[in-house]
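In what follows, a single structure is set out as structure tokens and then discussed.
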Amino acid sequence: MDKYDFKGVLEFGNIQGTQIYQSLKRYREASRIHGFLILAVESPIYFANSTYLQERILRWTREEETRIKENNGSTLKCIVLDMTAVSSIDTSGIEAVFELRRRLEKQSLQLVLVNPVGSVMEKLHKSKIIESLGLSGLYLTVAEAVADLSSTWKAHGQP
């Protein structure tokens with residue numbers, strides 16, 4: 001299986017010269033951003049797929065770290081989950097996001113959520129995950145997340 005085997009998640013890259021992020025598979029002009037793994041979740045997150053989704057994202061992270069090492073690239077620092085297309089989330093999905101964040105933090109990786117909408121945002125707020133992510137853990141757009149986190153890293157002397 002390749003990294004596109006789970007149809008509910010796509011890896012995004014930036015279309016150079018724009019603030020637009022699109023699928024690396026669908027748009028050849030899209031390119032990866034150093035330090036980031038940007039994934040768009042395009043399905044509800046619920047009991048039937050939450051564990052698989054969590055494991056798939058962790059595997060994608062390992063694959064990206066391997067790709068970076070093989071290409072002598074910069075360190076992976078942040079996993080961005082674009083949740084624009086996530087229409088619903090249940091308690092299993094929320095627990096999976098909490099667990100994903102915990103496991104990524106153990107690897108010194110930051111989890112950032114982008115644009116959870118409607119009832120998804122309400123449920124995330126009630127669960128306290130938004131509070132636990134902090135000020136730099138929730139953004140309206142992928143471009144905003146990348147720009148803010150990149151400038152924060154530069155201000156702290158990180159490449």
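As shown in the structure tokens, the chain order sets the letters A, B, ...; within each chain, residues go from 1, and ligands are also counted from 1 in the order they appear.
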
Quiz prompt | Nearby residues (only C-alpha atoms) at most 9 Å from Ile57 in chain A, same-chain spacing under 2 positions excluded, as a PyMOL selection string | solution = chain A and resi 9+39+52-55+59-62+79+100

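Residue neighbourhood of Gln16 in chain A, excluding near-sequence residues (fewer than 4 positions): Glu29, Ala30 and Ser31 of chain A, at 8 Å, using only C-alpha atoms.
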
Those selected residues, please, written with all heavy atoms and delivered as a PDB file, in the first residue's frame.
ATOM      1  N   GLU A  29       2.079  21.046  -9.370  1.00  0.00           N
ATOM      2  CA  GLU A  29       2.749  22.296  -9.004  1.00  0.00           C
ATOM      3  C   GLU A  29       2.765  22.544  -7.491  1.00  0.00           C
ATOM      4  O   GLU A  29       3.442  23.448  -7.023  1.00  0.00           O
ATOM      5  CB  GLU A  29       2.141  23.496  -9.751  1.00  0.00           C
ATOM      6  CG  GLU A  29       0.661  23.702  -9.543  1.00  0.00           C
ATOM      7  CD  GLU A  29      -0.246  22.886 -10.474  1.00  0.00           C
ATOM      8  OE1 GLU A  29       0.217  21.971 -11.177  1.00  0.00           O
ATOM      9  OE2 GLU A  29      -1.441  23.172 -10.480  1.00  0.00           O
ATOM     10  N   ALA A  30       2.050  21.734  -6.735  1.00  0.00           N
ATOM     11  CA  ALA A  30       2.066  21.845  -5.273  1.00  0.00           C
ATOM     12  C   ALA A  30       3.354  21.220  -4.734  1.00  0.00           C
ATOM     13  O   ALA A  30       3.806  20.188  -5.239  1.00  0.00           O
ATOM     14  CB  ALA A  30       0.849  21.145  -4.667  1.00  0.00           C
ATOM     15  N   SER A  31       3.948  21.863  -3.730  1.00  0.00           N
ATOM     16  CA  SER A  31       5.192  21.335  -3.164  1.00  0.00           C
ATOM     17  C   SER A  31       5.129  21.329  -1.641  1.00  0.00           C
ATOM     18  O   SER A  31       4.422  22.131  -1.023  1.00  0.00           O
ATOM     19  CB  SER A  31       6.397  22.143  -3.652  1.00  0.00           C
ATOM     20  OG  SER A  31       6.246  23.498  -3.291  1.00  0.00           O
TER      21      SER A  31
END

Practice problem: Write out as a PyMOL selection string all residues of chain A that backbone DSSP assigns to helix (DSSP H, G or I). | Solution: chain A and resi 50-70+91-106+118-127+129-133+135-137+142-155

Could you build a table of the residues in range 119-155 of chain A lying no more than 10 Å from range 102-110 of chain A, giving for each the nearest pair of atoms and their separation in Å rounded to one decimal place, using only C-alpha atoms, ordered by chain and ascending residue number, as JSON lines?
{"residue": "A:Leu133", "atom": "CA", "partner": "A:Gln110", "partner_atom": "CA", "distance": 8.9}
{"residue": "A:Ser136", "atom": "CA", "partner": "A:Gln110", "partner_atom": "CA", "distance": 9.3}
{"residue": "A:Gly137", "atom": "CA", "partner": "A:Gln110", "partner_atom": "CA", "distance": 8.0}

Selection export as a compact mmCIF listing (two decimals), in the first residue's frame, atoms kept: N, CA, C and O atoms:
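Resulting contents of part-v7.txt:
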# COMPACT_ATOMS: atom_id res chain seq x y z
N LEU A 133 -4.48 22.31 23.00
CA LEU A 133 -3.61 22.61 21.86
C LEU A 133 -2.93 23.97 22.03
O LEU A 133 -1.87 24.20 21.45
N SER A 136 -1.25 28.25 19.52
CA SER A 136 -0.67 27.91 18.21
C SER A 136 -1.11 26.52 17.75
O SER A 136 -0.43 25.87 16.98
N GLY A 137 -2.29 26.09 18.21
CA GLY A 137 -2.77 24.77 17.84
C GLY A 137 -4.02 24.76 17.01
O GLY A 137 -4.50 23.70 16.61

Quiz item: Restricting the calculation to only C-alpha atoms, which member of A:Ser119, A:Ser74, A:Thr141, A:Ser50 is positioned closest to Glu99 in chain A?
Solution: A:Ser50

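Nearest to Ile130 in chain A of all the residues A:Gly157, A:Gly118, A:Ile94, A:Ile45 is A:Ile94, based on only C-alpha atoms.
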
Quiz item: From the list A:Gln22, A:Phe12, A:Val142, A:Phe36, which residue is nearest Ile68 in chain A when using only C-alpha atoms?
Solution: A:Phe36
